Structures are given as structure tokens and as C-alpha cells.
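S.K.: Structure supplied as structure34.txt; contents: compact mmCIF, C-alpha atoms.
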```txt
# COMPACT_ATOMS: atom_id res chain seq x y z
CA MET A 1 166.90 52.05 9.37
CA SER A 2 167.18 54.76 6.73
CA ILE A 3 170.16 57.08 6.49
CA PRO A 4 168.11 60.16 7.53
CA ALA A 5 166.80 58.32 10.58
CA ARG A 6 170.32 57.24 11.54
CA LEU A 7 171.58 60.79 11.14
CA ARG A 8 168.73 62.00 13.33
CA GLN A 9 170.05 59.78 16.13
CA VAL A 10 173.44 61.45 15.82
CA VAL A 11 171.78 64.84 16.21
CA TRP A 12 169.97 63.70 19.36
CA ILE A 13 173.23 62.35 20.78
CA ALA A 14 175.04 65.60 20.01
CA LEU A 15 172.29 67.67 21.68
CA VAL A 16 172.24 65.62 24.87
CA VAL A 17 176.01 65.21 25.21
CA GLY A 18 176.44 68.88 24.34
CA ALA A 19 174.04 69.83 27.12
CA VAL A 20 176.11 67.84 29.61
CA ALA A 21 179.38 69.34 28.39
CA LEU A 22 178.44 72.94 27.69
CA ILE A 23 175.73 74.02 30.13
CA ASP A 24 177.47 75.57 33.15
CA TRP A 25 174.76 74.98 35.72
CA ASP A 26 174.30 72.63 38.67
CA PHE A 27 171.22 71.14 37.03
CA ALA A 28 172.72 70.67 33.56
CA ILE A 29 172.53 66.89 33.98
CA VAL A 30 168.79 67.16 34.64
CA VAL A 31 168.31 69.31 31.52
CA ALA A 32 170.27 66.77 29.49
CA ALA A 33 168.18 63.91 30.89
CA LEU A 34 164.97 65.72 29.97
CA LEU A 35 166.31 66.20 26.44
CA ALA A 36 167.13 62.50 26.30
CA ILE A 37 163.63 61.57 27.45
CA ALA A 38 162.09 63.92 24.87
CA ALA A 39 164.26 62.47 22.09
CA VAL A 40 163.29 58.88 22.93
CA ALA A 41 159.62 59.88 23.24
CA ILE A 42 159.79 61.30 19.71
CA GLU A 43 161.66 58.31 18.29
CA THR A 44 159.78 55.44 19.93
CA ARG A 45 156.26 54.45 20.90
CA ALA A 46 157.27 53.21 24.36
CA PRO A 47 159.75 55.72 25.83
CA LEU A 48 159.62 54.37 29.39
CA ARG A 49 160.46 50.87 28.19
CA ASP A 50 163.16 52.10 25.82
CA LEU A 51 164.71 54.15 28.62
CA GLY A 52 164.73 51.14 30.92
CA LEU A 53 162.23 52.77 33.29
CA ALA A 54 159.47 50.19 33.08
CA ARG A 55 158.53 48.75 36.47
CA PRO A 56 160.97 46.00 37.46
CA ARG A 57 159.58 42.52 38.02
CA SER A 58 160.34 42.83 41.72
CA ILE A 59 161.20 46.10 43.45
CA LEU A 60 162.38 44.32 46.58
CA ARG A 61 164.62 41.99 44.57
CA THR A 62 166.09 44.95 42.70
CA ILE A 63 166.92 46.67 46.00
CA ALA A 64 168.17 43.44 47.59
CA ILE A 65 170.61 42.92 44.71
CA GLY A 66 171.45 46.58 44.10
CA VAL A 67 172.50 47.55 47.62
CA PRO A 68 175.15 44.83 48.14
CA ALA A 69 176.24 45.20 44.51
CA GLY A 70 176.88 48.90 45.14
CA ILE A 71 178.98 48.04 48.20
CA VAL A 72 180.98 45.43 46.29
CA LEU A 73 181.53 47.86 43.42
CA LEU A 74 182.79 50.49 45.85
CA LEU A 75 185.28 48.07 47.41
CA PHE A 76 186.44 46.98 43.96
CA ALA A 77 186.88 50.58 42.81
CA LYS A 78 188.70 51.76 45.94
CA LEU A 79 190.91 48.76 46.67
CA LEU A 80 191.70 47.43 43.19
CA LEU A 81 190.60 49.56 40.23
CA THR A 82 191.85 52.92 41.50
CA PRO A 83 195.32 51.76 42.60
CA ILE A 84 195.76 49.76 39.38
CA VAL A 85 194.91 52.73 37.16
CA GLU A 86 197.01 55.09 39.29
CA ALA A 87 199.93 52.66 39.01
CA LEU A 88 199.52 52.63 35.22
CA THR A 89 199.22 56.40 34.80
CA GLY A 90 201.39 57.55 37.69
CA ILE A 91 198.76 60.20 38.39
CA PRO A 92 196.42 60.08 41.42
CA ARG A 93 192.70 60.41 40.89
CA ASP A 94 191.63 63.99 41.65
CA LEU A 95 188.58 64.01 43.91
CA SER A 96 189.40 67.37 45.48
CA ALA A 97 186.06 68.73 44.22
CA PHE A 98 184.48 66.88 47.13
CA ASP A 99 186.87 67.99 49.87
CA PHE A 100 184.28 70.47 51.12
CA LEU A 101 182.36 67.47 52.49
CA ARG A 102 185.04 66.46 54.99
CA GLY A 103 183.56 66.60 58.45
CA ASP A 104 180.49 68.49 57.23
CA VAL A 105 177.42 66.29 57.73
CA ALA A 106 175.03 69.07 56.65
CA ALA A 107 176.86 69.49 53.32
CA TYR A 108 176.82 65.73 52.80
CA LEU A 109 173.10 65.43 53.46
CA SER A 110 172.32 68.44 51.26
CA LEU A 111 174.17 66.75 48.40
CA MET A 112 172.14 63.53 48.58
CA PRO A 113 169.21 64.72 46.40
CA LYS A 114 171.69 65.75 43.72
CA ILE A 115 173.44 62.39 43.99
CA TRP A 116 170.28 60.32 43.67
CA ILE A 117 168.47 62.50 41.13
CA GLY A 118 171.41 63.88 39.17
CA ALA A 119 173.86 60.97 39.27
CA ALA A 120 171.92 57.79 39.99
CA ILE A 121 168.85 58.59 37.88
CA CYS A 122 169.85 61.18 35.27
CA GLU A 123 173.32 59.82 34.52
CA GLU A 124 171.94 56.32 34.08
CA ILE A 125 169.20 57.61 31.77
CA ILE A 126 171.72 59.53 29.67
CA PHE A 127 174.83 57.37 29.59
CA ARG A 128 173.23 53.95 29.63
CA ALA A 129 169.65 53.88 28.36
CA PHE A 130 169.72 56.86 26.00
CA LEU A 131 173.25 56.63 24.61
CA ILE A 132 173.29 52.87 24.13
CA GLY A 133 169.87 52.88 22.47
CA ARG A 134 170.52 55.87 20.21
CA LEU A 135 174.01 54.66 19.26
CA GLU A 136 172.59 51.28 18.28
CA ALA A 137 169.99 53.05 16.16
CA ALA A 138 172.68 55.22 14.57
CA PHE A 139 174.56 52.04 13.68
CA GLY A 140 171.48 50.73 11.91
CA GLY A 141 169.75 48.83 14.70
CA ALA A 142 170.52 46.47 17.55
CA SER A 143 173.01 43.73 16.72
CA ARG A 144 175.90 42.21 18.63
CA ALA A 145 178.39 44.50 16.90
CA ALA A 146 176.21 47.60 17.30
CA THR A 147 175.54 46.86 20.96
CA ALA A 148 179.22 46.22 21.69
CA ALA A 149 180.21 49.47 19.99
CA ALA A 150 177.44 51.37 21.80
CA VAL A 151 178.51 49.98 25.17
CA LEU A 152 182.14 50.97 24.58
CA LEU A 153 181.35 54.43 23.21
CA SER A 154 178.85 55.25 25.96
CA SER A 155 181.41 54.24 28.57
CA ALA A 156 184.06 56.45 26.97
CA VAL A 157 181.65 59.41 26.98
CA PHE A 158 180.79 58.68 30.63
CA GLY A 159 184.48 58.77 31.51
CA ALA A 160 185.03 62.00 29.58
CA ALA A 161 182.11 63.59 31.43
CA HIS A 162 184.17 63.23 34.62
CA ALA A 163 187.16 65.18 33.30
CA TYR A 164 187.27 67.22 36.52
CA GLN A 165 188.77 64.10 38.14
CA GLY A 166 191.82 64.25 35.87
CA PRO A 167 192.99 61.62 33.37
CA THR A 168 193.12 58.85 35.96
CA GLY A 169 189.64 59.69 37.16
CA MET A 170 188.32 59.59 33.61
CA LEU A 171 189.81 56.14 33.05
CA ILE A 172 188.42 54.82 36.33
CA THR A 173 184.99 56.27 35.64
CA GLY A 174 185.09 54.90 32.11
CA VAL A 175 185.71 51.39 33.45
CA LEU A 176 182.89 51.80 35.97
CA GLY A 177 180.67 53.05 33.14
CA LEU A 178 181.56 49.93 31.15
CA LEU A 179 180.49 47.74 34.06
CA PHE A 180 177.23 49.67 34.41
CA ALA A 181 176.60 49.35 30.67
CA ILE A 182 177.21 45.59 30.71
CA VAL A 183 174.85 45.17 33.67
CA TYR A 184 172.20 47.26 31.91
CA VAL A 185 172.31 45.18 28.74
CA ALA A 186 172.66 41.84 30.54
CA ALA A 187 169.77 42.60 32.92
CA GLY A 188 167.29 43.00 30.09
CA ARG A 189 167.74 46.76 29.81
CA ASN A 190 165.82 47.60 32.94
CA LEU A 191 167.56 50.64 34.43
CA TRP A 192 166.36 50.38 38.03
CA LEU A 193 169.10 47.99 39.14
CA ASN A 194 171.71 50.38 37.73
CA ILE A 195 170.07 53.30 39.52
CA VAL A 196 170.18 51.53 42.88
CA VAL A 197 173.80 50.38 42.43
CA HIS A 198 174.91 53.82 41.22
CA GLY A 199 173.13 55.62 44.05
CA VAL A 200 174.53 53.32 46.74
CA TYR A 201 178.03 53.57 45.25
CA ASP A 202 178.02 57.38 45.19
CA THR A 203 176.37 57.70 48.60
CA LEU A 204 178.96 55.48 50.27
CA SER A 205 181.86 56.93 48.27
CA LEU A 206 181.02 60.41 49.53
CA ALA A 207 180.47 59.05 53.04
CA LEU A 208 184.10 57.92 52.92
CA VAL A 209 185.11 61.49 52.03
CA LEU A 210 182.89 62.86 54.81
CA THR A 211 184.68 60.69 57.38
CA SER A 212 188.09 60.90 55.60
CA LEU A 213 188.05 57.10 55.41
CA ASP A 214 188.70 57.50 51.69
CA ARG A 215 192.33 58.17 52.64
CA VAL A 216 192.44 54.94 54.63
CA PHE A 217 191.03 52.99 51.67
CA ALA A 218 193.53 54.69 49.36
CA GLU A 219 196.40 53.65 51.64
CA ILE A 220 195.17 50.05 51.76
CA GLY A 221 194.77 50.02 47.98
CA HIS A 222 198.30 51.30 47.44
CA ARG A 223 199.66 48.63 49.74
CA LEU A 224 197.91 46.03 47.60
CA ILE A 225 198.91 47.70 44.31
CA PRO A 226 201.94 49.96 44.92
CA TYR A 227 202.82 52.72 42.44
```
In C-alpha cells, write the structure found in this file.
M.R.:
Amino acid sequence: MSIPARLRQVVWIALVVGAVALIDWDFAIVVAALLAIAAVAIETRAPLRDLGLARPRSILRTIAIGVPAGIVLLLFAKLLLTPIVEALTGIPRDLSAFDFLRGDVAAYLSLMPKIWIGAAICEEIIFRAFLIGRLEAAFGGASRAATAAAVLLSSAVFGAAHAYQGPTGMLITGVLGLLFAIVYVAAGRNLWLNIVVHGVYDTLSLALVLTSLDRVFAEIGHRLIPY
């Protein structure tokens, strides 16, 4: 890939990441995802395929794998990953932004469209399909080294995008982003499995906040990994 073409990928990345970081609006993530889709449509002949949005081989199989995988990921994050990172940093993860959900079923249900559209779909488009693909192109094309670097960098950006959770939250989210990125690449770059896992994870994670069971899970995790 020519130098101008590689530089063009950097511009696209800056525009999309900048939209996520700088637009102060509830739907900023949707705007950023639309920018990402437009960029890939300009750069490639098959934007749906390159964004991982081609129809999966089996929708039922994707759901059957994605739902339990989301549950397992949640248990891993709550009982192992979070207490380990908190033990290393000495700083608890800050999820106070979601405290308004406690005991409020209406607020929880009203947040679900944002979770599934904004987080599960748009975040996966931006931080997995778009960033990994454009970073690889910026590095000169897909190769083992370029893909590894793209996976790591996209995960770091994903963690930084969750700065409102504090330094521990960014590290935890970065690790989760790394897992999502590995799954995306290993699964043939079809994004639908990621979307299902991400949506299930966030839905259940916020359900724990709704019922205050997140505090119970935190206590169990700290018994397993004290800090």
C-alpha cells in the first residue's frame, strides 16, 4: 500500500476516534460508527464484509455460542479479572455512572436500546472491525505483525474510551477489548458473535447493578483475590 493510502487510514482513524472522544452527546458513538462505515465504504469494495457484518453462516449457532459466552465472560470479569486488576492498582473500578439504575427497572429497560445499539453494535464496529482493519492498512496491509499490533492498539483505545471508570476500569476494559479483538480475528472476522457476546455481557452486568448483586459479586471476587 502506498504511503498516501496509509496516511489516509490514519486520518480516518483520527476522525472516528476523535468523534468518540470529543463529541459530548449521548449518540456520539453512533455518529462515530457511521463515520467508520463511511470510511470503509470509501476504502473498500465490500464494506459489509470488511466491517464483519456479512451474514453469519448460522444465526442460531451464533446466538447459541454468544449467549453462554457472554455469561462466562461476565463471571470471569467480575470474579477474577476485576479483583486481580484492583489488587494490582489498589484502586476500585468506578462504575458509579450506573448507580442510577439501582432498583429502577424502568431506567434499566430504557437503557437497553442504547446498550445493544450503542455498545454491542457500534462499539464492535468501531473498536474491532474498523480499527483493526484500518490499523492493518496503515501498517501496510494484513500480516501477523500488523494484525497483532492492530489488536493491541485497538484494545488500548477501547480501554481509554472508558476513562470514566477510572484507571482500573480502563485496564479491565482494555483486557476485555483484547479478548473481543482476539475472538473477532479468530472467528474469521465476522462481527456478529462479538455483538451477541458484548450485548449479553452488558445487559447482565447492568442487571447486576439493577439488583445490587454487583456488590455481592465484588465481595466474592475480593474473597478469591484479596487486595
S.K.: Find the spatial neighbours of Arg8 (chain A), counting all atoms listed in the file, within a cut-off of 10 Å - ignore same-chain residues fewer than 3 positions away - and output them as an MDAnalysis selection string.
M.R.: chainID A and resid 2:5 11:14 39 43 134 137:138
S.K.: Tell me, as a PyMOL selection string, which residues lie within 10 Å of region 70-74 of chain A, counting all atoms listed in the file; anything in the same chain fewer than 5 positions away does not count.
M.R.: chain A and resi 65+79-81+176+179+193-205
S.K.: For C-alpha atoms, I'd like the residues from the last selection saved as a tab-separated table (two decimals), keeping the file's coordinate frame.
M.R.:
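Done, and the output landed in selection_38.tsv:
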```tsv
chain	number	residue	atom	x	y	z
A	65	ILE	CA	170.61	42.92	44.71
A	79	LEU	CA	190.91	48.76	46.67
A	80	LEU	CA	191.70	47.43	43.19
A	81	LEU	CA	190.60	49.56	40.23
A	176	LEU	CA	182.89	51.80	35.97
A	179	LEU	CA	180.49	47.74	34.06
A	193	LEU	CA	169.10	47.99	39.14
A	194	ASN	CA	171.71	50.38	37.73
A	195	ILE	CA	170.07	53.30	39.52
A	196	VAL	CA	170.18	51.53	42.88
A	197	VAL	CA	173.80	50.38	42.43
A	198	HIS	CA	174.91	53.82	41.22
A	199	GLY	CA	173.13	55.62	44.05
A	200	VAL	CA	174.53	53.32	46.74
A	201	TYR	CA	178.03	53.57	45.25
A	202	ASP	CA	178.02	57.38	45.19
A	203	THR	CA	176.37	57.70	48.60
A	204	LEU	CA	178.96	55.48	50.27
A	205	SER	CA	181.86	56.93	48.27
```
S.K.: As JSON, please: the centre and edge lengths in Å, to one decimal, of an axis-aligned box enclosing every listed atom of region 167-173 of chain A with 6 Å added on each side.
M.R.:
```
{"center_x": 189.1, "center_y": 58.2, "center_z": 35.1, "size_x": 20.1, "size_y": 18.8, "size_z": 16.1}
```
S.K.: For the atom pair CA of Val185 (chain A) and CA of Phe27 (chain A), what is the interatomic distance in Å to one decimal place?
M.R.: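 We find that CA of Val185 (chain A) and CA of Phe27 (chain A) lie 27.3 Å from each other.
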S.K.: Write out as a PyMOL selection string which residues come within 7 Å of region 49-57 of chain A when counting only C-alpha atoms, dropping same-chain ones fewer than 5 positions away.
M.R.: chain A and resi 125+129-130+189-192
S.K.: If we count only C-alpha atoms, what is near Thr168 (chain A) at a cut-off of 9 Å, once residues fewer than 3 positions away on the same chain are taken out, given as a PyMOL selection string?
M.R.: chain A and resi 82+85-86+88-94+165+171-173
